[in-house]
Structure formats: structure tokens, C-alpha cells
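Text of query-v6.txt (compact mmCIF, C-alpha atoms) as supplied:
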# COMPACT_ATOMS: atom_id res chain seq x y z
CA MET N 214 -7.12 24.16 16.62
CA LYS N 215 -10.41 22.69 15.47
CA VAL N 216 -10.39 21.47 11.87
CA ALA N 217 -13.64 20.50 10.18
CA VAL N 218 -13.63 18.40 7.00
CA ILE N 219 -16.93 18.90 5.21
CA LYS N 220 -18.64 15.55 4.82
CA TYR N 221 -20.50 14.98 1.61
CA ASN N 222 -20.69 12.42 -1.18
CA ALA N 223 -17.01 12.76 -2.11
CA GLY N 224 -14.71 9.81 -2.54
CA ASN N 225 -11.47 10.98 -1.03
CA ILE N 226 -12.49 12.19 2.41
CA ARG N 227 -10.69 9.28 4.07
CA SER N 228 -7.43 10.16 2.28
CA VAL N 229 -7.67 13.75 3.48
CA ALA N 230 -8.36 12.51 7.01
CA PHE N 231 -5.31 10.21 6.93
CA ALA N 232 -3.13 13.08 5.69
CA LEU N 233 -4.28 15.23 8.64
CA GLU N 234 -3.51 12.36 11.03
CA ARG N 235 0.01 12.05 9.61
CA LEU N 236 0.47 15.76 10.41
CA GLY N 237 -0.79 15.18 13.95
CA ILE N 238 -3.91 17.32 13.41
CA THR N 239 -7.19 16.44 15.11
CA TYR N 240 -10.23 16.92 12.93
CA THR N 241 -13.90 16.07 12.59
CA ILE N 242 -15.57 14.91 9.40
CA THR N 243 -18.97 16.55 9.59
CA ASP N 244 -21.96 17.97 7.74
CA SER N 245 -23.26 19.69 10.89
CA ILE N 246 -23.69 23.39 10.13
CA GLU N 247 -22.92 24.35 13.72
CA GLU N 248 -19.75 22.25 13.89
CA ILE N 249 -18.45 23.66 10.61
CA GLN N 250 -19.24 27.24 11.69
CA ASN N 251 -17.35 26.76 14.94
CA ALA N 252 -14.22 25.27 13.39
CA ASP N 253 -10.98 27.28 13.16
CA LYS N 254 -10.21 25.88 9.72
CA VAL N 255 -12.47 24.18 7.21
CA ILE N 256 -11.44 21.72 4.48
CA PHE N 257 -13.75 21.21 1.53
CA PRO N 258 -12.44 18.12 -0.28
CA GLY N 259 -13.80 16.65 -3.43
CA VAL N 260 -13.73 14.06 -6.10
CA GLY N 261 -16.77 13.61 -8.26
CA GLU N 262 -19.10 15.34 -10.66
CA ALA N 263 -20.01 19.03 -10.23
CA ASN N 264 -23.78 18.92 -10.81
CA THR N 265 -24.56 15.98 -8.51
CA THR N 266 -22.34 17.43 -5.82
CA MET N 267 -23.93 20.93 -6.00
CA SER N 268 -27.40 19.35 -5.70
CA TYR N 269 -26.23 17.42 -2.66
CA LEU N 270 -24.74 20.55 -1.06
CA LYS N 271 -27.99 22.46 -1.66
CA GLU N 272 -30.09 19.68 -0.21
CA LYS N 273 -28.00 19.80 2.97
CA LYS N 274 -27.95 23.66 2.91
CA LEU N 275 -24.15 23.43 2.87
CA ASP N 276 -24.02 25.77 -0.16
CA GLN N 277 -25.22 28.77 1.87
CA LEU N 278 -23.03 27.75 4.78
CA ILE N 279 -19.79 27.51 2.78
CA VAL N 280 -20.07 30.98 1.21
CA SER N 281 -20.88 32.52 4.61
CA LEU N 282 -17.77 31.11 6.34
CA LYS N 283 -15.32 33.66 7.74
CA GLN N 284 -12.51 31.33 8.87
CA PRO N 285 -9.93 29.97 6.40
CA VAL N 286 -11.48 27.44 4.01
CA LEU N 287 -9.43 25.13 1.76
CA GLY N 288 -11.11 23.72 -1.35
CA ILE N 289 -9.43 20.65 -2.86
CA CYS N 290 -9.87 19.52 -6.50
CA LEU N 291 -13.64 19.50 -7.11
CA GLY N 292 -13.91 21.58 -3.92
CA MET N 293 -11.87 24.29 -5.66
CA GLN N 294 -13.97 24.11 -8.82
CA LEU N 295 -17.22 24.36 -6.85
CA LEU N 296 -15.94 27.56 -5.21
CA CYS N 297 -16.03 29.16 -8.68
CA ARG N 298 -19.02 30.91 -10.28
CA HIS N 299 -19.87 28.26 -12.86
CA SER N 300 -18.65 24.90 -14.18
CA ASP N 301 -18.95 23.70 -17.75
CA GLU N 302 -19.33 20.21 -16.26
CA ASN N 303 -23.02 19.68 -16.97
CA ASN N 304 -23.49 23.47 -17.05
CA THR N 305 -23.55 23.84 -13.27
CA PRO N 306 -23.95 27.12 -11.36
CA CYS N 307 -21.51 26.93 -8.43
CA LEU N 308 -20.77 28.84 -5.21
CA GLY N 309 -19.32 32.00 -6.75
CA ILE N 310 -16.45 32.81 -4.39
CA PHE N 311 -14.00 32.91 -7.31
CA ASN N 312 -15.47 34.81 -10.26
CA GLN N 313 -14.36 32.13 -12.74
CA SER N 314 -15.92 29.65 -15.11
CA VAL N 315 -14.52 26.09 -14.97
CA LYS N 316 -13.55 24.76 -18.43
CA LYS N 317 -13.00 21.28 -19.86
CA PHE N 318 -9.56 20.22 -21.11
CA GLU N 319 -9.52 19.49 -24.83
CA PRO N 320 -7.16 16.66 -25.83
CA VAL N 321 -4.39 18.15 -28.02
CA ASN N 322 -1.00 16.91 -29.21
CA GLN N 323 -1.58 13.40 -27.83
CA LEU N 324 -2.08 14.83 -24.35
CA LYS N 325 -4.80 12.80 -22.72
CA VAL N 326 -7.82 13.74 -20.63
CA PRO N 327 -8.16 13.36 -17.65
CA HIS N 328 -4.99 15.15 -16.65
CA MET N 329 -3.77 12.36 -14.37
CA GLY N 330 -0.44 12.17 -12.60
CA TRP N 331 2.36 14.33 -11.24
CA ASN N 332 2.86 17.81 -12.65
CA SER N 333 4.91 20.79 -11.48
CA LEU N 334 3.85 23.96 -9.72
CA THR N 335 5.13 27.27 -11.11
CA LYS N 336 4.64 30.97 -10.38
CA ILE N 337 4.03 30.29 -6.69
CA CYS N 338 2.87 33.36 -4.81
CA GLY N 339 0.74 34.36 -1.85
CA TRP N 340 -0.05 31.72 0.73
CA LEU N 341 2.07 28.87 -0.66
CA ASP N 342 5.65 28.37 0.43
CA PRO N 343 8.09 29.59 -2.29
CA SER N 344 9.99 26.27 -1.92
CA LEU N 345 7.08 24.65 -3.78
CA ASN N 346 8.15 26.24 -7.07
CA GLU N 347 8.93 23.47 -9.58
CA LYS N 348 7.80 20.78 -7.10
CA TYR N 349 5.58 17.97 -8.37
CA VAL N 350 2.09 17.36 -7.04
CA TYR N 351 -0.60 14.83 -7.96
CA PHE N 352 -3.53 15.81 -10.19
CA VAL N 353 -6.63 13.92 -11.39
CA HIS N 354 -9.13 16.13 -13.23
CA SER N 355 -10.79 16.77 -16.58
CA PHE N 356 -11.89 20.36 -15.88
CA TYR N 357 -9.74 23.36 -14.96
CA VAL N 358 -9.89 26.95 -13.76
CA PRO N 359 -8.12 29.40 -16.12
CA VAL N 360 -5.31 31.59 -14.78
CA ASN N 361 -6.87 34.70 -13.16
CA PRO N 362 -6.01 37.47 -10.67
CA ASP N 363 -6.72 35.08 -7.74
CA THR N 364 -4.28 32.44 -9.02
CA THR N 365 -1.41 31.65 -6.62
CA ALA N 366 0.21 28.76 -8.54
CA VAL N 367 0.17 27.81 -12.21
CA THR N 368 0.51 24.37 -13.84
CA ASP N 369 0.69 23.65 -17.56
CA TYR N 370 -1.40 21.00 -19.28
CA THR N 371 -2.54 21.81 -22.82
CA VAL N 372 -2.96 25.32 -21.35
CA PRO N 373 -1.62 27.07 -18.24
CA PHE N 374 -4.28 26.71 -15.51
CA SER N 375 -4.79 27.58 -11.83
CA ALA N 376 -3.12 24.97 -9.61
CA ALA N 377 -3.91 27.11 -6.56
CA MET N 378 -5.95 30.22 -5.77
CA ARG N 379 -6.85 32.53 -2.94
CA ARG N 380 -9.58 35.11 -2.41
CA ASN N 381 -9.96 36.59 1.11
CA ASN N 382 -10.41 33.62 3.49
CA PHE N 383 -10.92 31.11 0.66
CA TYR N 384 -7.92 29.03 -0.39
CA ALA N 385 -8.01 26.39 -3.07
CA VAL N 386 -5.86 23.78 -4.81
CA GLN N 387 -6.63 21.78 -7.95
CA PHE N 388 -4.21 18.98 -7.02
CA HIS N 389 -4.49 16.51 -4.17
CA PRO N 390 -2.14 17.60 -1.36
CA GLU N 391 -3.15 14.46 0.56
CA LYS N 392 -1.62 12.34 -2.24
CA SER N 393 1.29 14.58 -3.20
CA SER N 394 4.04 13.17 -1.01
CA ASP N 395 6.23 15.71 0.83
CA ALA N 396 5.19 18.65 -1.36
CA GLY N 397 1.54 17.99 -0.48
CA GLU N 398 2.36 18.01 3.21
CA VAL N 399 4.00 21.43 2.82
CA VAL N 400 0.78 22.73 1.23
CA LEU N 401 -1.39 21.35 4.04
CA ARG N 402 0.98 22.79 6.65
CA ASN N 403 0.85 26.18 4.89
CA PHE N 404 -2.91 26.17 5.20
CA LEU N 405 -3.12 24.70 8.70
CA ASN N 406 -0.20 26.41 10.42
CA SER N 407 0.75 29.59 8.56
CA ILE N 408 -2.65 31.17 7.98
CA GLU N 409 -4.43 33.13 10.70
CA MET V 177 5.08 19.31 -17.39
CA LEU V 178 3.15 16.14 -16.64
CA THR V 179 5.60 13.39 -15.75
CA LYS V 180 5.64 9.77 -16.79
CA ARG V 181 4.75 7.57 -13.84
CA ILE V 182 6.68 4.64 -12.36
CA ILE V 183 4.37 2.16 -10.65
CA ALA V 184 5.33 -0.73 -8.37
CA CYS V 185 2.94 -3.66 -8.06
CA LEU V 186 2.63 -5.73 -4.89
CA ASP V 187 0.99 -9.14 -5.08
CA ILE V 188 -0.88 -9.79 -1.86
CA LYS V 189 -2.08 -13.16 -0.68
CA ASP V 190 -4.03 -13.52 2.57
CA GLY V 191 -2.78 -10.12 3.71
CA ARG V 192 0.93 -10.79 2.99
CA THR V 193 3.18 -9.81 0.10
CA VAL V 194 4.16 -12.78 -2.02
CA LYS V 195 7.22 -13.11 -4.29
CA GLY V 196 10.46 -12.82 -2.41
CA VAL V 197 11.45 -9.32 -1.64
CA ASN V 198 14.98 -8.08 -1.35
CA PHE V 199 14.64 -4.77 0.42
CA VAL V 200 17.29 -3.70 2.82
CA LYS V 201 16.34 -2.13 6.13
CA LEU V 202 12.88 -3.60 5.96
CA ARG V 203 11.80 -5.18 9.23
CA ASP V 204 9.23 -7.41 7.57
CA ALA V 205 9.38 -7.72 3.79
CA GLY V 206 6.19 -9.76 3.77
CA ASP V 207 4.24 -6.91 5.35
CA PRO V 208 2.59 -4.98 2.49
CA VAL V 209 2.28 -1.85 4.63
CA GLU V 210 6.01 -1.75 5.31
CA LEU V 211 6.80 -2.45 1.69
CA ALA V 212 4.36 0.20 0.41
CA ALA V 213 5.91 2.76 2.75
CA ALA V 214 9.41 1.82 1.59
CA TYR V 215 8.43 2.28 -2.06
CA ALA V 216 6.80 5.65 -1.35
CA GLU V 217 9.98 6.76 0.39
CA GLN V 218 12.09 5.68 -2.59
CA GLY V 219 10.05 7.95 -4.84
CA VAL V 220 7.78 5.55 -6.70
CA ASP V 221 4.87 7.54 -8.20
CA GLU V 222 2.05 5.08 -7.56
CA LEU V 223 1.41 1.64 -6.15
CA VAL V 224 -0.84 -1.20 -7.19
CA LEU V 225 -1.93 -3.74 -4.57
CA LEU V 226 -3.09 -6.86 -6.31
CA ASP V 227 -4.99 -9.30 -4.10
CA ILE V 228 -4.48 -12.84 -5.32
CA SER V 229 -6.09 -14.61 -2.35
CA ALA V 230 -7.85 -17.74 -3.41
CA THR V 231 -11.08 -17.34 -1.49
CA THR V 232 -13.60 -14.55 -0.97
CA GLU V 233 -13.33 -15.08 2.77
CA LYS V 234 -9.60 -14.39 2.78
CA ARG V 235 -10.05 -11.47 0.42
CA LYS V 236 -11.95 -9.60 3.09
CA THR V 237 -8.63 -8.96 4.82
CA ILE V 238 -7.77 -6.59 1.96
CA THR V 239 -10.07 -3.80 3.21
CA ASN V 240 -8.26 -3.69 6.50
CA LEU V 241 -4.95 -3.71 4.68
CA VAL V 242 -6.03 -0.87 2.37
CA ARG V 243 -6.87 1.22 5.42
CA GLN V 244 -3.42 0.62 6.91
CA VAL V 245 -1.64 1.42 3.64
CA ALA V 246 -3.72 4.58 3.13
CA SER V 247 -2.95 5.79 6.62
CA ARG V 248 0.76 5.28 6.05
CA ILE V 249 1.54 6.47 2.51
CA ASN V 250 0.97 9.81 0.81
CA ILE V 251 0.97 8.76 -2.84
CA PRO V 252 -1.91 7.34 -4.90
CA PHE V 253 -2.59 3.62 -4.98
CA THR V 254 -4.83 1.22 -6.84
CA VAL V 255 -6.39 -1.95 -5.46
CA GLY V 256 -7.21 -4.91 -7.68
CA GLY V 257 -8.15 -8.56 -7.53
CA GLY V 258 -11.47 -10.21 -6.99
CA ILE V 259 -13.63 -7.13 -7.49
CA GLY V 260 -16.94 -8.23 -8.99
CA SER V 261 -19.48 -5.58 -8.08
CA VAL V 262 -20.14 -2.00 -6.97
CA GLN V 263 -20.66 -3.43 -3.47
CA ASP V 264 -17.10 -4.82 -3.46
CA VAL V 265 -15.66 -1.42 -4.30
CA ALA V 266 -17.38 0.91 -1.82
CA PRO V 267 -15.53 -0.40 1.28
CA LEU V 268 -12.17 -0.17 -0.53
CA LEU V 269 -12.72 3.48 -1.41
CA GLU V 270 -14.03 4.22 2.06
CA ALA V 271 -10.81 2.64 3.40
CA GLY V 272 -8.72 5.09 1.33
CA ALA V 273 -7.97 3.43 -2.03
CA ASP V 274 -7.64 5.95 -4.88
CA LYS V 275 -8.56 3.61 -7.71
CA VAL V 276 -9.67 0.04 -8.26
CA SER V 277 -8.60 -2.20 -11.11
CA ILE V 278 -10.96 -4.73 -12.62
CA ASN V 279 -10.16 -7.47 -15.09
CA SER V 280 -11.94 -10.85 -15.28
CA SER V 281 -15.18 -9.51 -13.82
CA ALA V 282 -15.33 -6.75 -16.45
CA VAL V 283 -14.81 -9.26 -19.27
CA LYS V 284 -17.63 -11.37 -17.87
CA ASN V 285 -19.88 -8.38 -17.21
CA PRO V 286 -18.77 -5.27 -19.16
CA ASP V 287 -21.60 -3.21 -17.60
CA LEU V 288 -19.56 -3.29 -14.40
CA ILE V 289 -17.28 -0.63 -15.94
CA ASP V 290 -20.26 1.68 -16.56
CA GLU V 291 -21.67 1.04 -13.10
CA LEU V 292 -18.39 1.76 -11.31
CA ALA V 293 -17.71 4.88 -13.40
CA LYS V 294 -21.20 6.22 -12.72
CA GLU V 295 -21.06 5.48 -9.02
CA PHE V 296 -17.51 6.58 -8.22
CA GLY V 297 -16.25 8.51 -11.28
CA SER V 298 -14.03 7.40 -14.15
CA GLN V 299 -10.87 8.36 -12.27
CA PHE V 300 -11.52 5.45 -9.89
CA VAL V 301 -11.76 2.79 -12.57
CA VAL V 302 -8.68 1.12 -14.03
CA LEU V 303 -9.42 -1.55 -16.63
CA ALA V 304 -6.67 -4.18 -16.50
CA VAL V 305 -6.28 -6.01 -19.80
CA ASP V 306 -4.14 -9.18 -19.83
CA THR V 307 -3.30 -10.34 -23.33
CA ARG V 308 -1.37 -12.94 -25.28
CA LYS V 309 -0.66 -12.99 -28.97
CA MET V 310 -2.66 -15.83 -30.55
CA SER V 311 -2.70 -16.45 -34.30
CA ASN V 312 -1.73 -12.86 -35.04
CA THR V 313 -4.22 -11.10 -32.76
CA TRP V 314 -3.87 -9.99 -29.15
CA ALA V 315 -6.44 -12.09 -27.28
CA VAL V 316 -7.69 -10.88 -23.91
CA HIS V 317 -7.19 -13.43 -21.13
CA THR V 318 -8.77 -13.67 -17.70
CA HIS V 319 -7.84 -15.19 -14.33
CA GLY V 320 -4.24 -14.05 -14.36
CA GLY V 321 -3.76 -14.93 -18.01
CA SER V 322 -5.04 -18.51 -17.73
CA PHE V 323 -8.19 -18.37 -19.86
CA PRO V 324 -8.41 -16.95 -23.38
CA THR V 325 -11.58 -15.04 -24.25
CA ASP V 326 -13.05 -13.96 -27.58
CA LYS V 327 -12.23 -10.32 -26.78
CA LYS V 328 -9.39 -8.60 -28.62
CA LEU V 329 -7.02 -6.09 -27.01
CA PHE V 330 -7.70 -2.99 -29.12
CA SER V 331 -11.49 -3.23 -29.39
CA TRP V 332 -11.83 -4.20 -25.71
CA ALA V 333 -9.62 -1.31 -24.52
CA LYS V 334 -11.63 1.10 -26.70
CA GLU V 335 -14.88 -0.31 -25.34
CA GLY V 336 -13.51 0.09 -21.80
CA GLN V 337 -12.76 3.75 -22.49
CA GLU V 338 -16.22 4.33 -23.93
CA ARG V 339 -17.87 2.63 -20.97
CA GLY V 340 -16.07 4.99 -18.60
CA ALA V 341 -12.74 3.46 -17.56
CA GLY V 342 -10.29 6.21 -16.56
CA GLU V 343 -7.13 4.27 -17.34
CA ILE V 344 -5.99 1.06 -19.04
CA LEU V 345 -3.44 -1.27 -17.45
CA PHE V 346 -2.11 -3.22 -20.42
CA THR V 347 -0.17 -6.41 -19.67
CA SER V 348 1.40 -8.63 -22.27
CA MET V 349 1.48 -12.11 -20.73
CA ASP V 350 3.97 -13.06 -23.45
CA HIS V 351 6.41 -10.47 -22.13
CA ASP V 352 5.64 -10.75 -18.41
CA GLY V 353 8.60 -12.19 -16.50
CA THR V 354 10.88 -12.36 -19.57
CA LYS V 355 12.82 -9.19 -18.66
CA ASN V 356 13.15 -8.56 -22.39
CA GLY V 357 11.22 -5.32 -22.46
CA PHE V 358 7.61 -4.21 -22.81
CA ALA V 359 5.38 -5.14 -25.78
CA LEU V 360 6.14 -1.93 -27.66
CA ASP V 361 4.11 -2.37 -30.86
CA PRO V 362 0.71 -3.03 -29.28
CA LEU V 363 1.56 -0.47 -26.58
CA LYS V 364 2.14 2.24 -29.20
CA LYS V 365 -1.01 1.27 -31.06
CA ILE V 366 -3.19 1.29 -27.94
CA ASN V 367 -1.79 4.68 -26.92
CA GLU V 368 -2.60 6.16 -30.31
CA LEU V 369 -6.08 4.67 -30.19
CA LEU V 370 -7.12 5.87 -26.73
CA LYS V 371 -7.74 9.24 -25.13
CA ILE V 372 -7.24 7.91 -21.57
CA PRO V 373 -3.87 7.12 -19.94
CA VAL V 374 -2.27 3.72 -20.53
CA ILE V 375 0.00 1.87 -18.10
CA ALA V 376 2.51 -0.54 -19.66
CA SER V 377 3.09 -3.80 -17.79
CA GLY V 378 5.02 -6.97 -18.40
CA GLY V 379 8.64 -7.41 -19.48
CA ALA V 380 10.66 -4.81 -17.54
CA GLY V 381 14.19 -6.07 -17.01
CA HIS V 382 16.42 -3.04 -17.56
CA VAL V 383 16.10 0.73 -17.12
CA PHE V 384 16.27 1.07 -20.89
CA HIS V 385 12.98 -0.83 -21.20
CA PHE V 386 11.19 1.96 -19.34
CA PHE V 387 12.74 4.51 -21.68
CA GLU V 388 11.42 2.51 -24.65
CA ALA V 389 7.94 2.19 -23.14
CA PHE V 390 7.71 5.97 -22.68
CA THR V 391 9.19 6.92 -26.07
CA LEU V 392 8.51 4.20 -28.67
CA GLY V 393 5.51 2.82 -26.77
CA ARG V 394 4.18 6.27 -25.79
CA ALA V 395 3.01 4.90 -22.43
CA ASP V 396 1.85 7.31 -19.74
CA ALA V 397 3.07 5.04 -16.95
CA ALA V 398 5.06 1.83 -16.61
CA LEU V 399 4.59 -0.87 -14.01
CA ALA V 400 6.90 -3.55 -12.69
CA ALA V 401 7.01 -5.93 -9.74
CA GLY V 402 9.87 -8.44 -9.54
CA VAL V 403 12.69 -6.24 -10.80
CA PHE V 404 11.79 -3.66 -8.15
CA HIS V 405 11.19 -6.18 -5.34
CA PHE V 406 14.50 -7.95 -5.88
CA GLY V 407 16.37 -4.66 -6.12
CA GLU V 408 17.53 -5.38 -9.68
CA ILE V 409 16.24 -1.96 -10.61
CA LYS V 410 16.20 0.65 -7.88
CA ILE V 411 13.59 3.38 -8.17
CA PRO V 412 15.99 6.33 -7.64
CA ASP V 413 18.46 4.91 -10.21
CA LEU V 414 15.67 4.34 -12.73
CA LYS V 415 14.34 7.87 -12.31
CA LEU V 416 17.78 9.42 -12.60
CA TYR V 417 18.45 7.43 -15.78
CA LEU V 418 15.14 8.53 -17.32
CA LYS V 419 15.68 12.15 -16.37
CA LYS V 420 19.17 12.11 -17.91
CA ASN V 421 17.55 10.80 -21.06
CA HIS V 422 15.08 13.69 -21.20
CA ILE V 423 12.01 11.84 -19.97
CA SER V 424 9.81 14.03 -17.79
CA ILE V 425 9.95 12.39 -14.39
CA ARG V 426 9.33 13.39 -10.77
CA MET V 427 12.58 13.40 -8.79
For the structure just supplied, provide its representation as C-alpha cells.
Amino acid sequence: MKVAVIKYNAGNIRSVAFALERLGITYTITDSIEEIQNADKVIFPGVGEANTTMSYLKEKKLDQLIVSLKQPVLGICLGMQLLCRHSDENNTPCLGIFNQSVKKFEPVNQLKVPHMGWNSLTKICGWLDPSLNEKYVYFVHSFYVPVNPDTTAVTDYTVPFSAAMRRNNFYAVQFHPEKSSDAGEVVLRNFLNSIE
Amino acid sequence: MLTKRIIACLDIKDGRTVKGVNFVKLRDAGDPVELAAAYAEQGVDELVLLDISATTEKRKTITNLVRQVASRINIPFTVGGGIGSVQDVAPLLEAGADKVSINSSAVKNPDLIDELAKEFGSQFVVLAVDTRKMSNTWAVHTHGGSFPTDKKLFSWAKEGQERGAGEILFTSMDHDGTKNGFALDPLKKINELLKIPVIASGGAGHVFHFFEAFTLGRADAALAAGVFHFGEIKIPDLKLYLKKNHISIRM
């Protein structure tokens, strides 16, 4: 299996790479359009700001490439948000795979923003292993995707939001599976081993 | 529900863990990679690697160490100690660190907080604030608590938040090592004042102290070093105790 990790100006690519190594998966970190097109699975990681990242993707023509991919694609954190139609983070038009608008958390009841730390997955369905229900995974984000028909896991923080989604060959998680201990490894295995 | 976080701190000098460590089944307790892996296995939520090497030359070993730790453990970790510029941080993040903590260098040059937040995002920037109570105010200290500055805890933490820090690591030097509990009053006040998460540090000696930090002190996370290293408090026991006492915790 050839796994391509999309290389761009994101901070956590190395962590994703290490997580794949721990699972014994060989991968390439690349921004080559041909290499990404020819991969069996594509991972679109991300930590950063939506607007800057979209500009970077456009400059490298990776925006057109990502939406045209037919193999399974996994968006992580900002990667998931960029797969949506629009982000309120600096009013950024995004890739439009998920027909959702990304919202900002409002601090309420002494809950702080960013949402940082371990929170539980609920209402697991679709591509994620049912054993992940009530398991804790690691989040760091200030923006969220509301619960919608593509949602495959829900987490609560000020509001219920999409912890995971799927539409056709596009899979996405708001948390960081590469930093989520054993539960995170289950998620990566689900994507890498259980999806055709 | 978002859980409270338990953080273990490893002091690293010249690539080795300092402070005696009393971990069973550990081949080399001085090896930070082994120790980090052992903590991750025990269920700690995050790690802090604090480089206390005396010279810049020796500090360069930390990048290599960060890479080894990142390849081994699957939980988030922060790297601190001796970070003075954006240039110091880039190799640490490239090596797999999730966050960096800055302290003395930020006091000396507060713009560093803005620069790091702009370059890498707020979630990467932990502002460590070491304080001691001096004539009724909490004075910020640098260089591991050695030098008092004219900055005060509450205004400095607020400034850090406004400049783009993603988290505050609040240490009371007065409480550090006493095992008498965290500095609850300033902890509560700082948590009410800030919109970003606060990590309590200094004074952990008993599982009850963590309970207090999370309830009375309203901390988002609590950090300890010695009591964990010497096995006086075991991570699974601590978590079970907190869970039994209705603190949201990852088991």
C-alpha cells in the first residue's frame, strides 16, 4: 500500500509520519501532484490558520488536486476543516467536499478556547470502530464543524460538534489520531486497513 | 466531556534525565526516551521536557532527543528551556514537538510570544510563569526562579494571552518542592482572569492536591515531577482517585 502524506506548511506532519511508522506503514511526505494521485491512501494533516493554508494550497495547485482525488483521503484537524465549504476563520472559502461552514467556539460557562485536551467520542457510526465510543482522543482547535448528515462521531464542547465525518471517499477527524494514544491508533488503522 | 490533564515533567540535562527516578522495569531511568515511553504507557496525558543544560552547545542535543521521543510516544509533549528565538523553535517542531514553553526569554523580549504565535500558531506557545510572593504581590521570576523581575503574575499572564500564548504554565516557586499542595488562591484568580487553559505547577505531594487544583483552583491541567518520578504518586492511582471524586479524567 502506498500512503501519501500531503506536504504543506503544516506543523504536525512529522507527528503523523511517526504515527505511521509505529504502525509499520511506509509513506511518502510529498507535494508532487503525480505522487499524490498515484497513492492508495492520502492523508491531509493540518495545524495552522485556514486562510494562509488555503492560499498555500492554491499556489501549489493542491486545492484542485485534493477535490479530484478518488482514493480514500483522511483530513486531520485543519485538514478536516479545509475539506468543508467555508471557514469563519478569516472568512475563508475552502475545498467544499463537506457542505458545511466552520464556526468559532464561543467561550461559555468558564469553558476556554481553544478546546485543548482529551475529550470523548460519542455516537460513533460508519467507518470508525464501534469500540471507540466513549474513548478519549486529543483535540487542539478553536473552530469546529457543526453536527451534520456526514458526521460519524460527535464530541461535546460548549456545543456538540463533528469529531469525525465521511462523504464518499473523503474521511475526516477533528482530533489528532497521531497524538491520541491507543484510541488514535485504532482510528488510523480503521482508515489504513479497513477501507477499500 | 473535556478531561482535566495530568502532566509529568522531565528535567533534561545534556540529553539525560536528572533527579533520581524510581521506576520499576525501566532499563535506563536516566534515558528520557525510556522514561517518556513509560509515562505514556501509565496513562499520563501530556509530557513536558525541560532542558536545563548549561550551555547552548549542549542544548543542541535536545533536537535529537525530541525526535526520538516523538517517534516513540503517541501523546502530546511540550519542550522548554533555552528557547530564545523563532529560529530555536523551528527545528524542535520539525522534530515532532507539539508545543514549546518559553519563560525567561519572553520576559526579556515579550514580542517573542507574538512572533512564535504568528509563525507557528497559538497552540504551539506555552508561556511558563515562575512566581514568588514578594511583599503581597506575585512577582515573576526568571532563570528557574532565581531572578525577580518587575512583572507581576496576573498582568503578565494576561499580556501573554493577548500576545498569543495558547496556554499558561503557572508555577509557584514558594510551593514547588514543599509537597503541601498547589498555590490555590492565585491559581483560581488566574483561571478566572484568562480565556486560555492554565496548567498548575509546584507543590504536588498527595493525590488530594490535584483534586484541589482542579476544583478550588479551577486548573485545566496539573503538572508534577518528583512525586511521579519517585513513585510516591502513581499515575493510574491518581487518575482512579480523581475519577472516584467526580473529576473528568481520561482512564
Taking all atoms listed in the file into account, what are the residues of chain V at most 6 Å from chain N, put as a list in words?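 Close enough to count are Met177, Leu178, Thr179, Ser247, Asn250, Ile251, Pro252, Gly272, Gly297, Lys371 and Ile372 of chain V.
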Atoms kept (C-alpha atoms) for selection, written as a PDB file, in the coordinates of the input:
ATOM      1  CA  MET V 177       5.080  19.310 -17.390  1.00  0.00           C
ATOM      2  CA  LEU V 178       3.150  16.140 -16.640  1.00  0.00           C
ATOM      3  CA  THR V 179       5.600  13.390 -15.750  1.00  0.00           C
ATOM      4  CA  SER V 247      -2.950   5.790   6.620  1.00  0.00           C
ATOM      5  CA  ASN V 250       0.970   9.810   0.810  1.00  0.00           C
ATOM      6  CA  ILE V 251       0.970   8.760  -2.840  1.00  0.00           C
ATOM      7  CA  PRO V 252      -1.910   7.340  -4.900  1.00  0.00           C
ATOM      8  CA  GLY V 272      -8.720   5.090   1.330  1.00  0.00           C
ATOM      9  CA  GLY V 297     -16.250   8.510 -11.280  1.00  0.00           C
ATOM     10  CA  LYS V 371      -7.740   9.240 -25.130  1.00  0.00           C
ATOM     11  CA  ILE V 372      -7.240   7.910 -21.570  1.00  0.00           C
TER      12      ILE V 372
END
If you measure from CA of Val286 (chain N) to CA of Met378 (chain N), what distance in Å do you get, rounded to one decimal?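 Between these atoms lies a distance of 11.6 Å.
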Once you count all atoms listed in the file, which residues end up no further than 12 Å from (-0.4, -12.5, -31.5) in the file's frame, shown as number ranges by chain? V: 307-316, 328-329, 348-351, 359, 361-362
Which of these, V:Leu414, V:Ala293, V:Ile366, V:Val302, has the shortest distance to His385 (chain V) once you count all atoms listed in the file?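 Closest residue, counting all atoms listed in the file: V:Leu414.
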As a list of chain:residue names, please: the residues near region 388-390 of chain V (cut-off 8 Å, only C-alpha atoms, same-chain neighbours under 3 positions excluded).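 Within the cut-off, the hits are V:Lys180, V:Phe358, V:Leu360, V:Leu363, V:Ala376, V:Phe384, V:His385, V:Gly393, V:Arg394, V:Ala395, V:Asp396, V:Ala397, V:Ala398, V:Ile423.
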